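Printed here is start14.cif (mmCIF, C-alpha atoms and all ligand atoms):
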data_work
#
loop_
_atom_site.label_atom_id
_atom_site.label_comp_id
_atom_site.auth_asym_id
_atom_site.auth_seq_id
_atom_site.Cartn_x
_atom_site.Cartn_y
_atom_site.Cartn_z
CA MET A 294 0.00 0.00 0.00
CA PRO A 295 1.89 3.16 -1.15
CA VAL A 296 1.55 5.88 1.49
CA LEU A 297 2.25 9.62 1.37
CA ALA A 298 3.17 11.27 4.68
CA THR A 299 2.77 15.05 4.60
CA GLY A 300 5.16 16.56 7.14
CA GLY A 301 7.05 13.28 7.00
CA ALA A 302 10.41 14.97 7.67
CA GLY A 303 9.13 16.31 11.01
CA TYR A 304 9.45 14.79 14.46
CA VAL A 305 6.40 12.50 14.52
CA GLY A 306 6.06 12.10 10.75
CA SER A 307 9.63 10.85 10.27
CA SER A 308 9.16 8.31 13.06
CA ALA A 309 6.04 7.04 11.26
CA VAL A 310 7.88 6.92 7.91
CA ARG A 311 10.74 4.93 9.46
CA CYS A 312 8.23 2.61 11.17
CA LEU A 313 6.37 1.96 7.88
CA LEU A 314 9.64 1.39 5.99
CA ALA A 315 10.68 -1.17 8.61
CA LYS A 316 7.38 -2.96 7.98
CA GLY A 317 7.99 -3.04 4.23
CA TYR A 318 5.65 -0.22 3.17
CA ASP A 319 6.29 1.90 0.10
CA VAL A 320 6.11 5.25 1.91
CA PHE A 321 7.17 8.77 0.90
CA ALA A 322 7.43 11.92 2.97
CA TYR A 323 6.08 15.09 1.35
CA ASP A 324 7.59 18.01 3.22
CA SER A 325 8.63 21.59 2.44
CA LEU A 326 11.35 21.36 5.13
CA ILE A 327 10.04 24.62 6.60
CA LYS A 328 10.41 22.89 9.97
CA GLY A 329 11.51 19.37 9.06
CA HIS A 330 14.92 17.74 8.66
CA ARG A 331 16.13 15.86 5.61
CA GLN A 332 18.47 13.82 7.84
CA SER A 333 15.49 12.29 9.66
CA LEU A 334 14.72 9.76 6.91
CA PRO A 335 16.35 8.06 3.89
CA ALA A 336 16.96 10.62 1.11
CA GLU A 337 15.16 8.58 -1.54
CA ARG A 338 12.00 8.65 0.59
CA LEU A 339 11.77 12.46 0.77
CA ILE A 340 9.79 14.52 -1.73
CA ILE A 341 10.35 18.22 -1.11
CA GLY A 342 7.05 19.93 -1.74
CA GLU A 343 4.63 22.49 -0.39
CA LEU A 344 1.18 21.52 0.88
CA ALA A 345 -0.32 24.59 -0.78
CA ASP A 346 0.73 23.26 -4.20
CA LYS A 347 -2.30 21.22 -5.21
CA ASN A 348 -1.11 20.34 -8.71
CA ARG A 349 2.16 18.96 -7.37
CA LEU A 350 0.30 16.92 -4.74
CA VAL A 351 -2.02 15.44 -7.37
CA GLN A 352 0.94 14.61 -9.60
CA VAL A 353 2.89 12.97 -6.77
CA MET A 354 -0.15 10.92 -5.69
CA ARG A 355 -0.77 9.74 -9.26
CA ASP A 356 2.89 9.04 -10.08
CA ARG A 357 3.45 7.04 -6.90
CA LYS A 358 0.02 5.36 -7.03
CA ILE A 359 -0.64 6.55 -3.48
CA ASP A 360 -3.33 4.62 -1.67
CA ALA A 361 -3.41 6.47 1.68
CA VAL A 362 -2.23 9.76 3.18
CA MET A 363 -0.90 10.37 6.67
CA HIS A 364 -1.31 14.08 7.33
CA PHE A 365 1.28 15.39 9.82
CA ALA A 366 2.18 18.71 8.16
CA ALA A 367 1.16 21.69 10.29
CA PHE A 368 2.41 24.49 12.46
CA ILE A 369 2.30 23.13 15.99
CA SER A 370 2.82 25.72 18.71
CA VAL A 371 -0.16 26.83 20.82
CA GLY A 372 1.59 30.00 22.02
CA GLU A 373 2.81 31.04 18.57
CA SER A 374 -0.68 30.44 17.14
CA THR A 375 -2.17 33.11 19.42
CA GLU A 376 0.38 35.64 18.08
CA ARG A 377 0.17 34.54 14.41
CA PRO A 378 -3.34 33.16 13.82
CA LEU A 379 -3.27 34.04 10.12
CA GLU A 380 -0.29 31.78 9.46
CA TYR A 381 -1.75 28.99 11.57
CA TYR A 382 -5.19 29.08 9.99
CA HIS A 383 -3.65 29.31 6.55
CA ASN A 384 -1.13 26.51 6.90
CA ASN A 385 -3.27 24.20 8.98
CA ILE A 386 -6.81 24.73 7.68
CA VAL A 387 -6.49 26.16 4.16
CA ASN A 388 -3.61 23.86 3.20
CA SER A 389 -5.41 20.82 4.65
CA LEU A 390 -8.38 21.66 2.44
CA THR A 391 -5.98 21.80 -0.53
CA LEU A 392 -4.67 18.37 0.45
CA LEU A 393 -8.20 16.94 0.65
CA GLU A 394 -9.03 18.43 -2.74
CA ALA A 395 -5.84 16.92 -4.22
CA MET A 396 -6.72 13.53 -2.72
CA GLN A 397 -10.13 13.74 -4.34
CA GLU A 398 -8.64 14.57 -7.74
CA ALA A 399 -6.11 11.73 -7.45
CA ASP A 400 -8.79 9.36 -6.09
CA VAL A 401 -7.00 8.69 -2.80
CA LYS A 402 -9.61 7.49 -0.32
CA LYS A 403 -7.84 7.06 3.02
CA ILE A 404 -6.34 9.52 5.49
CA VAL A 405 -4.83 9.31 8.98
CA PHE A 406 -4.79 12.73 10.60
CA SER A 407 -2.64 14.07 13.47
CA SER A 408 -4.94 15.86 15.87
CA THR A 409 -4.34 16.91 19.44
CA ALA A 410 -5.50 16.65 23.04
CA ALA A 411 -5.70 20.47 22.94
CA VAL A 412 -9.21 20.14 21.43
CA TYR A 413 -10.65 19.07 24.82
CA ALA A 414 -12.20 21.25 27.52
CA PRO A 415 -10.14 21.37 30.75
CA ILE A 416 -10.45 18.67 33.42
CA THR A 417 -8.90 18.50 36.89
CA GLU A 418 -9.10 14.74 37.46
CA GLY A 419 -9.43 11.44 35.59
CA ALA A 420 -8.82 10.93 31.89
CA LEU A 421 -10.21 12.41 28.68
CA GLN A 422 -12.34 10.17 26.50
CA GLU A 423 -12.90 10.73 22.79
CA ASP A 424 -16.42 12.06 23.51
CA SER A 425 -15.39 14.33 26.40
CA PRO A 426 -16.47 17.98 26.01
CA LYS A 427 -14.39 20.05 23.58
CA ASN A 428 -13.06 23.58 23.90
CA PRO A 429 -10.36 24.22 21.29
CA ASP A 430 -9.54 27.67 22.62
CA SER A 431 -6.26 28.54 20.84
CA PRO A 432 -5.99 29.12 17.08
CA TYR A 433 -3.79 25.99 16.95
CA ALA A 434 -6.37 23.80 18.71
CA PHE A 435 -9.22 25.30 16.73
CA SER A 436 -7.38 24.70 13.45
CA LYS A 437 -6.98 21.01 14.35
CA TYR A 438 -10.63 20.69 15.39
CA ALA A 439 -11.72 22.36 12.15
CA ILE A 440 -9.64 19.88 10.09
CA GLU A 441 -11.26 16.98 11.98
CA ARG A 442 -14.57 18.38 10.85
CA LEU A 443 -13.46 18.88 7.23
CA ILE A 444 -12.33 15.26 7.09
CA ALA A 445 -15.58 13.95 8.62
CA ASP A 446 -17.64 16.02 6.16
CA PHE A 447 -15.56 14.73 3.22
CA SER A 448 -16.14 11.21 4.49
CA ARG A 449 -19.91 11.66 4.65
CA ALA A 450 -20.15 13.36 1.28
CA TYR A 451 -17.41 11.65 -0.76
CA GLY A 452 -16.78 8.32 0.96
CA LEU A 453 -13.36 9.14 2.47
CA GLY A 454 -12.05 6.60 4.99
CA TYR A 455 -10.31 8.26 7.92
CA THR A 456 -8.71 7.85 11.31
CA ILE A 457 -8.17 10.85 13.54
CA LEU A 458 -5.51 10.36 16.20
CA ARG A 459 -5.52 12.85 19.07
CA TYR A 460 -2.00 12.83 20.44
CA PHE A 461 -1.15 13.79 23.99
CA ASN A 462 2.49 14.88 24.62
CA ALA A 463 4.75 13.31 22.01
CA CYS A 464 8.27 12.76 23.30
CA GLY A 465 11.33 10.50 23.30
CA ALA A 466 13.74 9.42 20.58
CA SER A 467 14.68 6.31 18.63
CA PRO A 468 16.31 3.64 20.84
CA ASP A 469 19.60 3.84 18.90
CA GLY A 470 19.81 7.59 19.61
CA ARG A 471 19.92 8.49 15.88
CA TYR A 472 16.58 10.27 15.50
CA GLY A 473 14.83 12.59 17.90
CA GLU A 474 13.08 15.83 18.67
CA ASP A 475 14.38 19.03 17.04
CA HIS A 476 11.76 21.79 16.89
CA ASP A 477 12.47 25.47 16.30
CA PRO A 478 11.35 27.09 18.49
CA GLU A 479 11.34 24.22 20.99
CA THR A 480 8.38 24.51 23.33
CA HIS A 481 8.14 20.95 24.67
CA LEU A 482 9.06 20.25 28.27
CA ILE A 483 11.41 17.25 28.02
CA PRO A 484 13.87 18.72 25.46
CA LEU A 485 13.82 22.05 27.32
CA VAL A 486 14.55 20.36 30.66
CA LEU A 487 17.43 18.38 29.10
CA ARG A 488 19.03 21.61 27.87
CA VAL A 489 20.00 22.34 31.49
CA PRO A 490 22.28 19.28 31.94
CA LEU A 491 23.52 19.84 28.38
CA GLY A 492 24.73 23.28 29.52
CA GLN A 493 22.53 25.05 26.94
CA ARG A 494 20.39 26.86 29.51
CA LYS A 495 20.89 27.71 33.15
CA LYS A 496 17.49 26.65 34.51
CA ILE A 497 14.03 25.49 33.61
CA GLY A 498 10.98 27.69 34.29
CA ILE A 499 8.01 26.17 36.11
CA PHE A 500 4.89 28.03 35.02
CA GLY A 501 2.63 27.87 38.09
CA ARG A 502 2.89 25.84 41.26
CA ASP A 503 -0.66 26.46 42.40
CA TYR A 504 -2.60 24.06 40.16
CA PRO A 505 -4.97 21.64 41.93
CA THR A 506 -2.55 18.68 41.58
CA PRO A 507 -0.57 16.83 44.30
CA ASP A 508 2.59 18.94 43.79
CA GLY A 509 0.87 22.04 42.34
CA THR A 510 2.33 21.66 38.80
CA CYS A 511 0.49 20.72 35.59
CA ILE A 512 0.03 17.08 34.65
CA ARG A 513 0.53 15.70 31.13
CA ASP A 514 0.49 12.28 29.46
CA TYR A 515 3.89 11.63 27.82
CA ILE A 516 3.69 9.25 24.89
CA HIS A 517 6.78 7.97 23.08
CA VAL A 518 7.01 9.02 19.44
CA ASP A 519 7.61 5.43 18.26
CA ASP A 520 4.40 4.34 20.01
CA LEU A 521 2.59 7.09 18.09
CA ALA A 522 4.13 5.78 14.88
CA ASP A 523 2.92 2.25 15.64
CA ALA A 524 -0.62 3.57 16.21
CA HIS A 525 -0.51 5.19 12.76
CA ARG A 526 0.44 1.92 11.12
CA ARG A 527 -2.35 0.09 12.93
CA ALA A 528 -4.84 2.82 12.03
CA LEU A 529 -3.91 2.46 8.38
CA GLU A 530 -4.21 -1.32 8.38
CA ALA A 531 -7.58 -1.32 10.17
CA MET A 532 -9.21 1.58 8.38
CA PRO A 533 -12.64 0.72 6.98
CA SER A 534 -13.40 2.32 3.63
CA GLY A 535 -15.79 5.24 3.55
CA ARG A 536 -16.08 5.60 7.33
CA GLY A 537 -14.01 7.02 10.13
CA SER A 538 -12.86 6.69 13.72
CA ILE A 539 -11.29 8.94 16.33
CA TYR A 540 -8.80 7.74 18.95
CA ASN A 541 -6.83 9.30 21.78
CA ILE A 542 -3.18 8.22 21.98
CA GLY A 543 -1.54 8.40 25.37
CA THR A 544 -0.30 6.01 28.04
CA GLY A 545 -3.19 6.82 30.39
CA THR A 546 -0.74 7.90 33.11
CA GLY A 547 -0.14 11.53 33.97
CA HIS A 548 3.14 13.05 35.17
CA SER A 549 3.60 16.50 36.68
CA VAL A 550 6.19 19.03 35.56
CA LEU A 551 8.13 18.39 38.77
CA GLU A 552 8.08 14.62 38.17
CA VAL A 553 9.54 15.18 34.70
CA ILE A 554 12.33 17.33 36.16
CA ARG A 555 13.09 14.82 38.95
CA THR A 556 13.14 11.92 36.47
CA ALA A 557 15.46 13.88 34.16
CA GLU A 558 17.78 14.38 37.16
CA GLU A 559 17.81 10.61 37.75
CA VAL A 560 18.48 9.85 34.08
CA THR A 561 21.24 12.44 33.60
CA GLY A 562 22.73 12.16 37.09
CA GLN A 563 22.72 15.96 37.31
CA LYS A 564 20.83 18.48 39.42
CA ILE A 565 18.47 20.59 37.29
CA ALA A 566 17.96 24.19 38.46
CA CYS A 567 14.36 25.46 38.40
CA GLU A 568 12.71 28.86 38.52
CA ASP A 569 9.14 29.51 39.67
CA LEU A 570 7.22 31.64 37.18
CA PRO A 571 3.57 32.74 36.99
CA ARG A 572 0.99 30.58 35.24
CA ARG A 573 0.89 30.83 31.44
CA ASN A 574 -2.29 31.68 29.56
CA GLY A 575 -3.93 28.60 28.10
CA ASP A 576 -2.14 25.98 30.25
CA THR A 577 -4.64 23.52 31.70
CA THR A 578 -4.28 21.52 34.91
CA ARG A 579 -4.42 18.04 33.50
CA LEU A 580 -4.27 16.30 30.11
CA VAL A 581 -4.38 12.53 30.45
CA ALA A 582 -5.59 10.18 27.72
CA GLY A 583 -8.29 7.59 28.06
CA SER A 584 -6.84 5.29 25.38
CA GLU A 585 -9.01 2.18 25.96
CA LYS A 586 -10.69 2.57 22.57
CA LEU A 587 -7.34 2.48 20.73
CA ARG A 588 -6.16 -0.51 22.77
CA LYS A 589 -9.37 -2.44 22.26
CA GLU A 590 -10.11 -1.70 18.63
CA LEU A 591 -6.58 -1.55 17.17
CA GLY A 592 -4.77 -3.85 19.61
CA TRP A 593 -2.31 -1.03 20.37
CA ALA A 594 -0.33 -0.78 23.61
CA PRO A 595 2.55 1.55 24.42
CA THR A 596 5.99 -0.10 24.44
CA TYR A 597 7.32 2.74 26.56
CA GLN A 598 5.27 2.54 29.76
CA ASN A 599 7.38 4.61 32.08
CA LEU A 600 8.74 8.11 32.05
CA HIS A 601 12.28 7.05 32.95
CA ASP A 602 12.66 4.99 29.75
CA ILE A 603 11.17 7.77 27.64
CA ILE A 604 13.50 10.43 29.06
CA GLU A 605 16.45 8.06 28.79
CA SER A 606 15.79 7.69 25.04
CA ALA A 607 15.50 11.47 24.68
CA TRP A 608 18.72 12.01 26.65
CA ARG A 609 20.64 9.59 24.39
CA TRP A 610 19.53 11.60 21.33
CA HIS A 611 20.21 15.05 22.82
CA ARG A 612 23.59 14.04 24.23
CA ASN A 613 24.67 12.67 20.81
CA HIS A 614 23.12 15.61 18.93
CA PRO A 615 23.33 18.69 21.17
CA ASP A 616 22.45 20.88 18.14
CA GLY A 617 19.75 18.56 16.82
CA TYR A 618 19.98 17.49 13.19
CA GLY A 619 22.09 20.53 12.27
CA LYS A 620 21.76 22.30 8.93
CA ASN A 621 19.41 20.81 6.30
N1 LIG B 1 4.61 16.99 18.90
C1 LIG B 1 3.53 16.86 19.65
O1 LIG B 1 3.60 16.72 20.88
C2 LIG B 1 2.15 16.86 19.02
C3 LIG B 1 1.03 16.75 19.86
C4 LIG B 1 -0.24 16.76 19.27
C5 LIG B 1 -0.37 16.82 17.88
N2 LIG B 1 0.74 16.95 17.11
C6 LIG B 1 0.57 17.06 15.66
O2 LIG B 1 1.43 16.13 15.02
C7 LIG B 1 1.89 16.65 13.78
C8 LIG B 1 3.39 16.53 13.71
O3 LIG B 1 3.98 17.25 14.79
P1 LIG B 1 5.57 17.33 14.94
O4 LIG B 1 5.89 17.49 16.38
O5 LIG B 1 6.16 16.22 14.18
O6 LIG B 1 5.87 18.72 14.19
P2 LIG B 1 7.09 19.10 13.23
O7 LIG B 1 7.11 20.58 13.13
O8 LIG B 1 8.33 18.39 13.66
O9 LIG B 1 6.64 18.47 11.84
C9 LIG B 1 5.74 19.11 10.96
C10 LIG B 1 6.30 18.95 9.56
O10 LIG B 1 5.39 19.53 8.62
C11 LIG B 1 6.15 20.23 7.64
N3 LIG B 1 5.28 21.27 7.09
C12 LIG B 1 4.63 22.25 7.76
N4 LIG B 1 3.93 23.01 6.91
C13 LIG B 1 4.11 22.48 5.67
C14 LIG B 1 3.63 22.82 4.38
N5 LIG B 1 2.82 23.86 4.19
N6 LIG B 1 4.01 22.05 3.32
C15 LIG B 1 4.84 20.99 3.50
N7 LIG B 1 5.33 20.62 4.70
C16 LIG B 1 4.97 21.37 5.78
C17 LIG B 1 7.34 20.79 8.40
O11 LIG B 1 8.45 21.09 7.56
C18 LIG B 1 7.65 19.66 9.38
O12 LIG B 1 8.59 18.75 8.85
C19 LIG B 1 1.36 18.06 13.68
O13 LIG B 1 0.21 18.05 12.87
C20 LIG B 1 0.98 18.41 15.11
O14 LIG B 1 -0.08 19.33 15.17
C21 LIG B 1 2.01 16.97 17.64
#
Can you turn what I pasted into structure tokens?
Ligand SMILES: NC(=O)c1ccc[n+]([C@@H]2O[C@H](COP(=O)([O-])OP(=O)(O)OC[C@H]3O[C@@H](n4cnc5c(N)ncnc54)[C@H](O)[C@@H]3O)[C@@H](O)[C@H]2O)c1
Amino acid sequence: MPVLATGGAGYVGSSAVRCLLAKGYDVFAYDSLIKGHRQSLPAERLIIGELADKNRLVQVMRDRKIDAVMHFAAFISVGESTERPLEYYHNNIVNSLTLLEAMQEADVKKIVFSSTAAVYAPITEGALQEDSPKNPDSPYAFSKYAIERLIADFSRAYGLGYTILRYFNACGASPDGRYGEDHDPETHLIPLVLRVPLGQRKKIGIFGRDYPTPDGTCIRDYIHVDDLADAHRRALEAMPSGRGSIYNIGTGTGHSVLEVIRTAEEVTGQKIACEDLPRRNGDTTRLVAGSEKLRKELGWAPTYQNLHDIIESAWRWHRNHPDGYGKN
């Protein structure tokens, strides 16, 4: 089954491409490299292209006889999206519509879409289920929720098969330490924490210690990037034609900011300096995935069950690549 992965040179997309290649799939990344890294996947598997270029997309899908699309390409920062909504709505919503139109023209009938836990309304205990109340309150979250809707409407009207995967906090690196997280700007907690023992920053800011959690810091569900990749493969293999499903992907266990910092200290053997800062706009107390549906229906289970192993994999990558992938 030939597969096209938009954003396939990015952090999660390249992990999925490598996972599919290992399983014998004929998969190509389609990426403009605006944020991605050519070193994150085999050169012959990368097609450099812009999502806004519908004709190119149609041509690539026809030439490669693409059967299914995995749609990772997007701008991904909640904070940046509130400052630059035009760019976020344009790249995420308008360009996704272009992709769907190209798929229609090339008669590609299957899509797996990267959505986010940021679509949900805040909770203070328990786990989020796929039908929990929604409140996508940043332009980033709203753009993702809007694309979910576009895809569902295309399915109803044109018979598109789809799987929407709502990721919680993607993290970690490949076990051999060759591939890992390299965002610019980096906003994710684990790579930022590890910059302290790497000597790249003096301390890590803790945004709020007065949340209603046991240690007062926010709780998130950290899911290893290779476990996300495996869920994509399963979603593709199980996808019914003409219908769709939505799944959360997380471990189901939450960890506080302080737990992440303490675990990073254990892994690196170094003390990590912290600084208390005021709460940030838009941060919610708790984001933990109810992932029973994914486990039951797709037989998925996370290989990385504990935070120590996840941070250890990330540390191996960052220690070997203190400047990430380097120049493209
Ligand atoms: N990283 C996370 O924790 C997380 C959590 C929830 C959802 N997601 C979603 O997962 C997806 C992948 O996230 P990531 O962390 O790998 O991000 P990333 O920035 O590493 O990857 C995105 C890729 O898309 C490419 N891209 C962006 N706009 C493009 C365009 N117009 N044309 C062609 N290529 C374009 C970039 O060059 C980059 O390689 C995103 O859709 C994101 O919203 C990520």
Rows by chain and residue number, chain A within 8 Å of ligand LIG 1 (chain B), shortest pair, only C-alpha atoms and all ligand atoms, as CSV:
residue,atom,partner,partner_atom,distance
A:Thr299,CA,B:LIG1,N7,6.1
A:Gly300,CA,B:LIG1,O10,3.3
A:Gly301,CA,B:LIG1,O12,6.0
A:Ala302,CA,B:LIG1,O12,4.4
A:Gly303,CA,B:LIG1,O12,3.3
A:Tyr304,CA,B:LIG1,O5,3.6
A:Val305,CA,B:LIG1,O5,3.7
A:Gly306,CA,B:LIG1,O5,5.4
A:Ser307,CA,B:LIG1,O5,7.5
A:Tyr323,CA,B:LIG1,C15,6.4
A:Asp324,CA,B:LIG1,N7,3.8
A:Ser325,CA,B:LIG1,C15,4.0
A:Leu326,CA,B:LIG1,O11,3.8
A:Ile327,CA,B:LIG1,O11,4.0
A:Lys328,CA,B:LIG1,O11,3.6
A:Gly329,CA,B:LIG1,O12,3.0
A:His330,CA,B:LIG1,O12,6.4
A:Ile341,CA,B:LIG1,C15,7.7
A:Gly342,CA,B:LIG1,C15,5.8
A:Glu343,CA,B:LIG1,N6,3.8
A:Leu344,CA,B:LIG1,N6,3.8
A:Ala345,CA,B:LIG1,N5,5.9
A:His364,CA,B:LIG1,O13,7.0
A:Phe365,CA,B:LIG1,O13,4.2
A:Ala366,CA,B:LIG1,O10,3.3
A:Ala367,CA,B:LIG1,C12,4.3
A:Phe368,CA,B:LIG1,C12,5.7
A:Ile369,CA,B:LIG1,O14,4.6
A:Ser370,CA,B:LIG1,O14,7.9
A:Asn384,CA,B:LIG1,N5,5.5
A:Asn385,CA,B:LIG1,N4,7.6
A:Asn388,CA,B:LIG1,N5,6.5
A:Phe406,CA,B:LIG1,O13,7.6
A:Ser407,CA,B:LIG1,O2,4.8
A:Ser408,CA,B:LIG1,C5,5.1
A:Thr409,CA,B:LIG1,C4,4.1
A:Ala410,CA,B:LIG1,C4,6.5
A:Ala411,CA,B:LIG1,C4,7.6
A:Tyr433,CA,B:LIG1,O14,7.8
A:Lys437,CA,B:LIG1,O14,7.1
A:Arg459,CA,B:LIG1,C4,6.6
A:Tyr460,CA,B:LIG1,C4,4.5
A:Phe461,CA,B:LIG1,C3,5.5
A:Asn462,CA,B:LIG1,O1,4.3
A:Ala463,CA,B:LIG1,O1,3.8
A:Cys464,CA,B:LIG1,O1,6.6
A:Glu474,CA,B:LIG1,O8,7.4
A:Asp475,CA,B:LIG1,O8,7.0
A:His476,CA,B:LIG1,O8,5.8
A:Asp477,CA,B:LIG1,O7,7.9
A:His481,CA,B:LIG1,O1,7.3
- Task: Find the residue from A:Ala420, A:Val489, A:Ile603, A:Leu453 that sits nearest to Gly562 of chain A; use only C-alpha atoms when measuring.
- Result: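 Among the listed residues, A:Val489 lies closest to Gly562 of chain A.
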- Item | Selection near Glu337 of chain A, 12 Å with all atoms listed in the file, sequence-local residues under 5 positions removed, as a count of residues only | 8
- atom CA of His548 of chain A to atom CA of Ile512 of chain A, distance in Å rounded to a single decimal: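 For atom CA of His548 of chain A relative to atom CA of Ile512 of chain A, the distance reads 5.1 Å.
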- Query: Near Gly592 of chain A, within 12 Å and counting only C-alpha atoms, which residues show up once chain neighbours fewer than 3 positions away are dropped, as a ChimeraX atom specification?
  - Reply: /A:523-524,526-528,530-531,584-589,595
- Message: With distances taken over all atoms listed in the file, which residue among A:Ile516, A:Val486, A:Val550, A:Met396 lies nearest Thr578 of chain A?
- Response: A:Val550
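With atom CA of Gln397 of chain A on one side and atom CA of Arg349 of chain A on the other, the separation reads 13.7 Å.
Considering the residues A:Asn348, A:Ser549, A:Thr544, A:Thr556 and counting all atoms listed in the file, Asp508 of chain A has its shortest atom-to-atom contact with A:Ser549.
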- Enter the distance from atom CA of Asp360 of chain A to atom CA of Gly543 of chain A, in Å, rounded to one decimal.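 If I compute the distance from atom CA of Asp360 of chain A to atom CA of Gly543 of chain A, I get 27.4 Å.
Compared by their closest atoms to Ala434 of chain A, and using only C-alpha atoms, the residues A:Asp503, A:Glu479, A:Glu373, A:Glu568 rank with A:Glu373 nearest.
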- Query: Which polymer residues have any atom within 10 Å of an atom of Arg311 of chain A, counting all atoms listed in the file, with same-chain residues fewer than 3 positions away left out, as a PyMOL selection string?
  - Reply: chain A and resi 301+306-308+314-318+320+333-335+338+472+519+522
Env of Arg555 of chain A: 12 Å cut, atoms = only C-alpha atoms, seq-sep filter 3 positions within chain, self excluded. Answer as a PDB file with C-alpha atoms, keeping the file's coordinate frame.
ATOM      1  CA  ILE A 483      11.410  17.250  28.020  1.00  0.00           C
ATOM      2  CA  VAL A 486      14.550  20.360  30.660  1.00  0.00           C
ATOM      3  CA  LEU A 487      17.430  18.380  29.100  1.00  0.00           C
ATOM      4  CA  ILE A 497      14.030  25.490  33.610  1.00  0.00           C
ATOM      5  CA  HIS A 548       3.140  13.050  35.170  1.00  0.00           C
ATOM      6  CA  SER A 549       3.600  16.500  36.680  1.00  0.00           C
ATOM      7  CA  VAL A 550       6.190  19.030  35.560  1.00  0.00           C
ATOM      8  CA  LEU A 551       8.130  18.390  38.770  1.00  0.00           C
ATOM      9  CA  GLU A 552       8.080  14.620  38.170  1.00  0.00           C
ATOM     10  CA  GLU A 558      17.780  14.380  37.160  1.00  0.00           C
ATOM     11  CA  GLU A 559      17.810  10.610  37.750  1.00  0.00           C
ATOM     12  CA  VAL A 560      18.480   9.850  34.080  1.00  0.00           C
ATOM     13  CA  THR A 561      21.240  12.440  33.600  1.00  0.00           C
ATOM     14  CA  GLY A 562      22.730  12.160  37.090  1.00  0.00           C
ATOM     15  CA  GLN A 563      22.720  15.960  37.310  1.00  0.00           C
ATOM     16  CA  LYS A 564      20.830  18.480  39.420  1.00  0.00           C
ATOM     17  CA  ILE A 565      18.470  20.590  37.290  1.00  0.00           C
ATOM     18  CA  ALA A 566      17.960  24.190  38.460  1.00  0.00           C
ATOM     19  CA  CYS A 567      14.360  25.460  38.400  1.00  0.00           C
ATOM     20  CA  LEU A 600       8.740   8.110  32.050  1.00  0.00           C
ATOM     21  CA  HIS A 601      12.280   7.050  32.950  1.00  0.00           C
ATOM     22  CA  ILE A 604      13.500  10.430  29.060  1.00  0.00           C
TER      23      ILE A 604
END
Take every atom of segment 424-429 of chain A listed in the file, fit an axis-aligned box around them, add 5 Å per side, and give the centre and edge lengths in Å to one decimal as AutoDock Vina command-line options.
--center_x -13.4 --center_y 18.1 --center_z 23.8 --size_x 16.1 --size_y 22.2 --size_z 15.1
- Task: Please work out which residues fall within 12 Å of (-6.1, -0.9, 5.1), coordinates as given in the file, with only C-alpha atoms counting, and return them as a PyMOL selection string.
- Result: chain A and resi 294-296+318+360-362+402-405+454-456+525-535
Include C-alpha atoms and write out the residues we just selected as an mmCIF file, in the frame of the given file.
data_model
loop_
_atom_site.group_PDB
_atom_site.id
_atom_site.type_symbol
_atom_site.label_atom_id
_atom_site.label_comp_id
_atom_site.auth_asym_id
_atom_site.auth_seq_id
_atom_site.Cartn_x
_atom_site.Cartn_y
_atom_site.Cartn_z
ATOM 1 C CA MET A 294 0.000 0.000 0.000
ATOM 2 C CA PRO A 295 1.890 3.160 -1.150
ATOM 3 C CA VAL A 296 1.550 5.880 1.490
ATOM 4 C CA TYR A 318 5.650 -0.220 3.170
ATOM 5 C CA ASP A 360 -3.330 4.620 -1.670
ATOM 6 C CA ALA A 361 -3.410 6.470 1.680
ATOM 7 C CA VAL A 362 -2.230 9.760 3.180
ATOM 8 C CA LYS A 402 -9.610 7.490 -0.320
ATOM 9 C CA LYS A 403 -7.840 7.060 3.020
ATOM 10 C CA ILE A 404 -6.340 9.520 5.490
ATOM 11 C CA VAL A 405 -4.830 9.310 8.980
ATOM 12 C CA GLY A 454 -12.050 6.600 4.990
ATOM 13 C CA TYR A 455 -10.310 8.260 7.920
ATOM 14 C CA THR A 456 -8.710 7.850 11.310
ATOM 15 C CA HIS A 525 -0.510 5.190 12.760
ATOM 16 C CA ARG A 526 0.440 1.920 11.120
ATOM 17 C CA ARG A 527 -2.350 0.090 12.930
ATOM 18 C CA ALA A 528 -4.840 2.820 12.030
ATOM 19 C CA LEU A 529 -3.910 2.460 8.380
ATOM 20 C CA GLU A 530 -4.210 -1.320 8.380
ATOM 21 C CA ALA A 531 -7.580 -1.320 10.170
ATOM 22 C CA MET A 532 -9.210 1.580 8.380
ATOM 23 C CA PRO A 533 -12.640 0.720 6.980
ATOM 24 C CA SER A 534 -13.400 2.320 3.630
ATOM 25 C CA GLY A 535 -15.790 5.240 3.550
#
- Select, from A:Arg488, A:Arg494, A:Arg471, A:Lys347, the residue with the minimum atom-to-atom distance to Tyr618 of chain A, counting only C-alpha atoms. A:Arg471
- Message: List the spatial neighbours of Asp576 of chain A as a PyMOL selection string - criterion: any atom at most 12 Å away, only C-alpha atoms, same-chain residues fewer than 3 positions off excluded.
- Response: chain A and resi 371-372+411+414-416+430-431+499-501+504+510-513+571-573+579-580
- Item | Minimum-distance residue to Asp469 of chain A, chosen among A:Glu605, A:Asp616, A:Asp356, A:Asp346 (using only C-alpha atoms) | A:Glu605
